[in-house]
Amino acid sequence: MEKFTKILETIDGYVWGIPLIVLIMAVGIFLTFRLRLLQIFHLPKALKFMFQNENGGKGEISSFAALCTALSATIGTGNIVGVATAIGVLSGGPGALLWMWIAALLGMATKYSELSLIHISEPTRHSLIS
């Protein structure tokens, strides 16, 4: 069992660290430019759809409530605590906040791509019910 633990620790040392950070940021930059800065140019439209009245919509919850539910599952309290820790405890200061904003901007393109792939590959809801 100790040998297996050592193997996992070796793999962990290679994967978690600078290579993973570079890979995540590179994918975010690639998707940002491939989607033609979607998260910047379509933000006003997204905010409009999020806050508009839904008089003719179906369902029991509003778009805003659905967004808040989805974001709570995505963001979680770990990220909220992580920001406070990076700025205050670890002495990252305002520079840490800048890099978090950049990572969040690139993460928006990644999240959009992920959700688009889910919608493309998901079977219709009617087939799941029956």
# chains A, B, ... in the order shown; residues from 1 in each chain; ligands from 1
call {"tool": "select_by_dssp", "arguments": {"residues": "stretch 19-115 of chain A", "states": "helix (DSSP H, G or I)", "output": "number ranges by chain"}}
result
A: 19-34, 38-41, 43-51, 63-89, 93-115
call {"tool": "residues_around", "arguments": {"residues": "stretch 67-71 of chain A", "least_positions_apart": "4", "cutoff": "12 Å", "atoms": "only C-alpha atoms", "output": "MDAnalysis selection string"}}
result
chainID A and resid 46:47 49:51 61:63 75:77 79 108 111 115
call {"tool": "closest_residue", "arguments": {"among": "A:Leu35, A:Leu43, A:Ile7, A:Ala84", "to": "A:Ser113", "atoms": "only C-alpha atoms"}}
result
A:Leu35
call {"tool": "residues_around", "arguments": {"residues": "A:Gly28", "least_positions_apart": "6", "cutoff": "12 Å", "atoms": "only C-alpha atoms", "output": "ChimeraX atom specification"}}
result
/A:21-22,34-35,37-39,102-114
call {"tool": "write_last_selection", "arguments": {"atoms": "C-alpha atoms", "output": "short mmCIF file (atom, residue, chain, number, x, y, z; two decimals), in the first residue's frame"}}
result
data_model
loop_
_atom_site.label_atom_id
_atom_site.label_comp_id
_atom_site.auth_asym_id
_atom_site.auth_seq_id
_atom_site.Cartn_x
_atom_site.Cartn_y
_atom_site.Cartn_z
CA ILE A 21 -2.19 26.14 -13.93
CA VAL A 22 -0.57 26.73 -17.33
CA ARG A 34 -12.00 31.09 -30.36
CA LEU A 35 -15.35 32.37 -29.08
CA LEU A 37 -14.39 37.39 -26.56
CA LEU A 38 -17.94 36.14 -25.97
CA GLN A 39 -17.84 36.82 -22.23
CA ILE A 102 -8.25 37.32 -15.03
CA ALA A 103 -8.76 33.66 -14.16
CA ALA A 104 -12.51 34.27 -13.75
CA LEU A 105 -12.70 35.99 -17.13
CA LEU A 106 -10.98 33.05 -18.80
CA GLY A 107 -13.10 30.63 -16.77
CA MET A 108 -16.28 32.16 -18.21
CA ALA A 109 -15.30 31.01 -21.70
CA THR A 110 -14.49 27.56 -20.35
CA LYS A 111 -17.83 27.32 -18.52
CA TYR A 112 -19.74 28.51 -21.60
CA SER A 113 -18.05 25.85 -23.73
CA GLU A 114 -18.76 23.19 -21.14
#
call {"tool": "atom_distance", "arguments": {"atom1": "atom CA of A:Gly92", "atom2": "atom CA of A:Gly17"}}
result
17.8 Å
call {"tool": "atom_distance", "arguments": {"atom1": "atom CA of A:Pro19", "atom2": "atom CA of A:Thr74"}}
result
23.2 Å
call {"tool": "decode", "arguments": {"residues": "stretch 25-73 of chain A", "atoms": "C-alpha atoms", "output": "compact mmCIF listing (two decimals), in the first residue's frame"}}
result
# COMPACT_ATOMS: atom_id res chain seq x y z
CA MET A 25 -5.01 29.26 -18.40
CA ALA A 26 -4.00 28.20 -21.94
CA VAL A 27 -7.36 26.51 -22.52
CA GLY A 28 -9.13 29.61 -21.17
CA ILE A 29 -7.14 31.90 -23.49
CA PHE A 30 -7.75 29.61 -26.47
CA LEU A 31 -11.51 29.44 -25.84
CA THR A 32 -11.73 33.17 -25.20
CA PHE A 33 -10.27 33.99 -28.60
CA ARG A 34 -12.00 31.09 -30.36
CA LEU A 35 -15.35 32.37 -29.08
CA ARG A 36 -14.33 35.91 -30.10
CA LEU A 37 -14.39 37.39 -26.56
CA LEU A 38 -17.94 36.14 -25.97
CA GLN A 39 -17.84 36.82 -22.23
CA ILE A 40 -17.12 40.51 -22.86
CA PHE A 41 -19.24 41.37 -25.90
CA HIS A 42 -22.38 39.44 -24.88
CA LEU A 43 -22.46 40.45 -21.21
CA PRO A 44 -25.10 43.19 -21.70
CA LYS A 45 -27.39 40.72 -23.47
CA ALA A 46 -26.90 38.13 -20.73
CA LEU A 47 -27.72 40.68 -18.02
CA LYS A 48 -30.83 41.78 -19.93
CA PHE A 49 -32.11 38.20 -20.22
CA MET A 50 -31.33 37.53 -16.59
CA PHE A 51 -33.36 40.43 -15.19
CA GLN A 52 -36.23 40.77 -17.68
CA ASN A 53 -39.78 39.83 -16.76
CA GLU A 54 -40.89 36.40 -17.84
CA ASN A 55 -44.60 36.82 -18.41
CA GLY A 56 -45.00 34.01 -20.93
CA GLY A 57 -42.41 31.63 -19.51
CA LYS A 58 -43.07 28.12 -18.33
CA GLY A 59 -41.87 26.75 -15.03
CA GLU A 60 -42.03 27.66 -11.40
CA ILE A 61 -38.81 29.62 -10.93
CA SER A 62 -37.45 32.69 -12.67
CA SER A 63 -34.29 32.86 -14.76
CA PHE A 64 -32.55 34.73 -11.96
CA ALA A 65 -33.42 32.03 -9.40
CA ALA A 66 -32.19 29.31 -11.77
CA LEU A 67 -28.95 31.26 -12.33
CA CYS A 68 -28.37 31.69 -8.60
CA THR A 69 -28.94 27.98 -8.01
CA ALA A 70 -26.53 26.99 -10.80
CA LEU A 71 -23.88 29.46 -9.63
CA SER A 72 -24.12 28.30 -6.03
CA ALA A 73 -23.34 24.78 -7.20
